[in-house]
Amino acid sequence: MSPVKVTKICCIGAGYVGGPTCSVIALKCPHIRVTIVDLNQARIDAWNSDDFNLPIYEPGLEDVVRQARGRNLFFSTDVDKAIEEADLIFVSVNTPTKKSGVGAGFAADLNYVELATRRIATIARSNKIVVEKSTVPCRTAESMRTILEANSKPNCRFDILSNPEFLAEGTAMTDLFKPDRVLIGSLQTPEGISACQSLAQVYANWVPKECILTVGLWSSELSKLAANAMLAQRISSINALSAICEATGANIDEVSNAVGYDTRIGPKFLKASVGFGGSCFQKDILNLVYLSESLHLPEVAAYWRQVVDMNEYQKRRFSQRVVDTLFKTITGKRIAVLGFAFKADTGDTRESAAITLIKDFLSERAFVNVYDPKVVHEQIWMDLQEASPLVPLDNIKKQVTISPSAFEAAQGADAIVIATEWKEFRDIDWERLYKGMNKPAFVFDGRLLVDAEKLTKIGFKVTTIGRPSPLLT
Ligand code: UDX
Ligand code: ADP
């Protein structure tokens, strides 16, 4: 069976995954027409905006969109037309953790995947390769297949592939241009293998063949969860050790450096922090926990659960350290929080540690000035409201100010808390910040970002993750 040559691709979902991924496919495959669709008109308008004011901030993305948009890359809300025309459809819709019902707080909400799948079944009049790109629990492809087959028209076949995305936000463009691997899962039938080859041919336009791995459907789905769980596990491991460092006088940077020199361990993802965030790690681990429980494997579930519990502990421990260091009370004090995104080089705030920290500071009745170079203000208000649903937004606004710069955030503050590792916070004029603050002026580095010795010389009392607290003189 010879694989179909893909000439038209539709991507359902113009978010952090679908947008960058399919923009790069369009750039690298000028012979393929790529249409990215979304129900959200405002999002599509932003992708189409004349001044390239794109709905997501990702270094290098604008350049790619400038080159391909209008050539073979299109953004539209006409979902049906794009489905109808495509040979291959990526499903890149959101799969948040369920908020209610069975599995609430753990299982993925597959409602968006199901609705998109049903739309494909209703509209399609010719054969389609349907690719699940969103991170989903194992066996979702099977459910998609059942829905598609139960609703398809005669002479219209669907082949389902799993092709999880491994890009990290902030480095998405490099990750897409030079992926460590592309993973494609299919049923091991002649039709499944042929569909898999069709997609592999798309990636082969720029990805070396040896980096394109083809596996069974369920291995592919589980590999994505496994990769994220193991990355997060490294962070929780180093964060657990950071607590020991703080209590003993060891330095977590030195420990992770020494540990990372072991080639079997390697240096990446060993940076202690105030806690990992992002749309994937927690969600995927909780998915794995839910899956393990459903499979009656409670020990496996408990093992992975601990990675998330350790992350919560790390955030809580950090807020507590701020309170303890500020003479055991922050009531009425002003705290400048630098960074609101879950990591540098993105405007994404999903599961950001900054949200938990600010919530903790507010419940201690402190005032907070927050500054982030990329996160839009409405997003900050939405996140803070969602974190404290019982507190009216007006009350939150009485305690929180969004500042236009780090200088303004630090003005009149008692302490600075670094929540995101934006480079500009490292290079900032700390002397100037110091001058504007109440004394003693405290810095809490939740990202191992700043030169603690330099700041101490200026006069700051610096507290760093994974190092003992300074003596207050
Ligand atoms: C992650 C995976 O890396 C990616 O492969 C997958 O496709 C999606 O999930 P992302 O969440 O975008 O990507 O960013 P990542 O760089 O993994 O960082 C996640 C969180 O861990 C951030 O909050 C980051 O600050 C934190 N982190 C990362 C640490 O605290 N320490 C580290 O050493 C690395
Ligand atoms: P991710 O990080 O997984 O890309 P996002 O929330 O950034 O998640 O993007 C998912 C996008 O999918 C959203 O813009 C949402 O509007 C879109 N979406 C969800 N369901 C559908 C659907 N049935 N048809 C088209 N777009 C959809």
# chains A, B, ... in the order shown; residues from 1 in each chain; ligands from 1
>>> residues_near_ligand(ligand="ligand 1", cutoff="8 Å", atoms="only C-alpha atoms and all ligand atoms", output="ChimeraX atom specification")
/A:164-172,224,227-228,231-232,234-235,268-281,342-344,352-353,420-421,447
>>> residues_around(residues="stretch 122-126 of chain A", least_positions_apart="4", cutoff="10 Å", atoms="only C-alpha atoms", output="list in words")
Val79, Asp80, Lys81, Ala82, Ile83, Glu84, Glu85, Ala86, Asp87, Ala116, Thr117, Arg118, Leu148, Asn151, Ser152, Lys153, Pro154, Asn155, Cys156, Arg157 and Phe158 of chain A
>>> residues_near_ligand(ligand="ligand 2", cutoff="8 Å", atoms="only C-alpha atoms and all ligand atoms", output="PyMOL selection string")
chain A and resi 12-19+37-40+43+77+79+92-95+112-117+119+134-135+279
>>> write_last_selection(atoms="C-alpha atoms", output="tab-separated table (two decimals), in the first residue's frame")
chain	number	residue	atom	x	y	z
A	12	ILE	CA	-7.68	22.40	14.43
A	13	GLY	CA	-6.61	24.67	17.31
A	14	ALA	CA	-4.46	27.79	16.86
A	15	GLY	CA	-2.87	27.75	20.33
A	16	TYR	CA	0.61	27.24	21.76
A	17	VAL	CA	0.95	23.83	20.10
A	18	GLY	CA	-0.98	24.08	16.81
A	19	GLY	CA	0.14	27.60	15.89
A	37	VAL	CA	-8.37	26.98	12.21
A	38	ASP	CA	-9.86	27.94	15.54
A	39	LEU	CA	-13.32	28.77	16.88
A	40	ASN	CA	-11.89	31.78	18.66
A	43	ARG	CA	-7.24	34.53	18.22
A	77	THR	CA	-12.36	30.34	11.58
A	79	VAL	CA	-13.26	25.00	10.42
A	92	SER	CA	-4.34	20.47	18.49
A	93	VAL	CA	-7.13	21.58	20.79
A	94	ASN	CA	-6.76	22.16	24.51
A	95	THR	CA	-6.97	19.23	26.97
A	112	TYR	CA	-12.65	19.61	23.08
A	113	VAL	CA	-10.97	16.64	21.41
A	114	GLU	CA	-14.30	14.87	21.13
A	115	LEU	CA	-16.09	17.89	19.66
A	116	ALA	CA	-13.34	18.42	17.10
A	117	THR	CA	-13.40	14.71	16.21
A	119	ARG	CA	-16.85	17.77	13.52
A	134	SER	CA	-2.67	17.48	21.86
A	135	THR	CA	-1.35	15.57	24.85
A	279	SER	CA	0.37	23.59	30.85
>>> residues_around(residues="A:Asp284", least_positions_apart="2", cutoff="9 Å", atoms="only C-alpha atoms", output="list of chain:residue names")
A:Thr97, A:Phe106, A:Ala107, A:Ala108, A:Thr135, A:Val136, A:Pro137, A:Lys224, A:Leu225, A:Ala226, A:Asn228, A:Ala229, A:Ser279, A:Cys280, A:Phe281, A:Gln282, A:Leu286, A:Asn287, A:Leu288, A:Val289
>>> write_last_selection(atoms="N, CA and C atoms", output="compact mmCIF listing (two decimals), in the first residue's frame")
# COMPACT_ATOMS: atom_id res chain seq x y z
N THR A 97 -6.99 19.82 32.63
CA THR A 97 -7.43 18.85 33.65
C THR A 97 -8.90 19.11 33.96
N PHE A 106 -7.76 15.35 38.09
CA PHE A 106 -6.73 14.42 37.61
C PHE A 106 -6.83 14.18 36.11
N ALA A 107 -8.01 13.69 35.70
CA ALA A 107 -8.16 13.24 34.32
C ALA A 107 -8.19 14.44 33.36
N ALA A 108 -7.85 14.17 32.10
CA ALA A 108 -7.89 15.25 31.11
C ALA A 108 -9.33 15.45 30.64
N THR A 135 -1.68 16.65 23.91
CA THR A 135 -1.35 15.57 24.85
C THR A 135 -2.63 14.98 25.40
N VAL A 136 -2.75 13.69 25.30
CA VAL A 136 -4.01 13.06 25.69
C VAL A 136 -3.70 11.80 26.49
N PRO A 137 -4.66 11.33 27.28
CA PRO A 137 -4.42 10.07 27.98
C PRO A 137 -4.29 8.93 26.98
N LYS A 224 4.72 10.26 25.48
CA LYS A 224 4.60 11.70 25.74
C LYS A 224 4.40 11.94 27.24
N LEU A 225 3.49 11.18 27.83
CA LEU A 225 3.26 11.33 29.28
C LEU A 225 4.53 10.98 30.04
N ALA A 226 5.19 9.92 29.59
CA ALA A 226 6.40 9.46 30.29
C ALA A 226 7.51 10.51 30.22
N ASN A 228 7.30 13.79 29.84
CA ASN A 228 7.00 14.93 30.71
C ASN A 228 7.11 14.56 32.18
N ALA A 229 6.63 13.37 32.53
CA ALA A 229 6.69 12.95 33.93
C ALA A 229 8.14 12.83 34.38
N SER A 279 1.64 24.29 31.07
CA SER A 279 0.37 23.59 30.85
C SER A 279 0.55 22.08 30.85
N CYS A 280 1.78 21.59 30.82
CA CYS A 280 1.96 20.15 30.59
C CYS A 280 2.33 19.31 31.80
N PHE A 281 3.36 19.73 32.54
CA PHE A 281 3.92 18.81 33.53
C PHE A 281 2.88 18.30 34.52
N GLN A 282 2.23 19.23 35.21
CA GLN A 282 1.29 18.78 36.23
C GLN A 282 0.14 18.00 35.60
N LEU A 286 -0.70 14.09 36.41
CA LEU A 286 -1.99 13.73 37.00
C LEU A 286 -2.75 12.76 36.09
N ASN A 287 -2.56 12.91 34.80
CA ASN A 287 -3.11 11.95 33.85
C ASN A 287 -2.55 10.56 34.08
N LEU A 288 -1.25 10.53 34.32
CA LEU A 288 -0.58 9.25 34.55
C LEU A 288 -1.05 8.63 35.86
N VAL A 289 -1.26 9.48 36.85
CA VAL A 289 -1.76 9.01 38.14
C VAL A 289 -3.16 8.41 37.95
>>> residues_around(residues="A:Ala409", least_positions_apart="4", cutoff="7 Å", atoms="only C-alpha atoms", output="ChimeraX atom specification")
/A:336,369-371,403,405
>>> residues_around(residues="A:Lys461", least_positions_apart="2", cutoff="12 Å", atoms="only C-alpha atoms", output="count of residues only")
31
>>> select_by_dssp(residues="stretch 59-306 of chain A", states="alpha helix (DSSP H)", output="PyMOL selection string")
chain A and resi 61-68+79-85+111-123+140-151+172-177+190-203+217-248+252-260+281-294+298-306
>>> select_by_dssp(residues="stretch 3-61 of chain A", states="strand (DSSP E)", output="number ranges by chain")
A: 8-12, 33-37
>>> residues_around(residues="A:Gly412", least_positions_apart="5", cutoff="8 Å", atoms="only C-alpha atoms", output="PyMOL selection string")
chain A and resi 334+436-438
>>> write_last_selection(atoms="N, CA and C atoms", output="tab-separated table (two decimals), in the first residue's frame")
chain	number	residue	atom	x	y	z
A	334	ARG	N	4.96	45.64	51.43
A	334	ARG	CA	4.82	45.66	49.97
A	334	ARG	C	5.87	44.74	49.36
A	436	GLY	N	15.34	52.75	45.83
A	436	GLY	CA	13.92	53.05	45.94
A	436	GLY	C	13.17	52.22	46.98
A	437	MET	N	13.87	51.27	47.63
A	437	MET	CA	13.15	50.34	48.51
A	437	MET	C	13.22	50.72	49.99
A	438	ASN	N	12.29	50.16	50.77
A	438	ASN	CA	12.39	50.29	52.24
A	438	ASN	C	13.56	49.46	52.72
>>> atom_distance(atom1="atom CA of A:Cys22", atom2="atom CA of A:Leu187")
23.6 Å
>>> atom_distance(atom1="atom CA of A:Phe407", atom2="atom CA of A:Val375")
17.1 Å
>>> atom_distance(atom1="atom CA of A:Leu110", atom2="atom CA of A:Gln201")
28.9 Å
>>> closest_residue(among="A:Tyr313, A:Phe52, A:Phe90, A:Trp430", to="A:Thr35", atoms="only C-alpha atoms")
A:Phe90
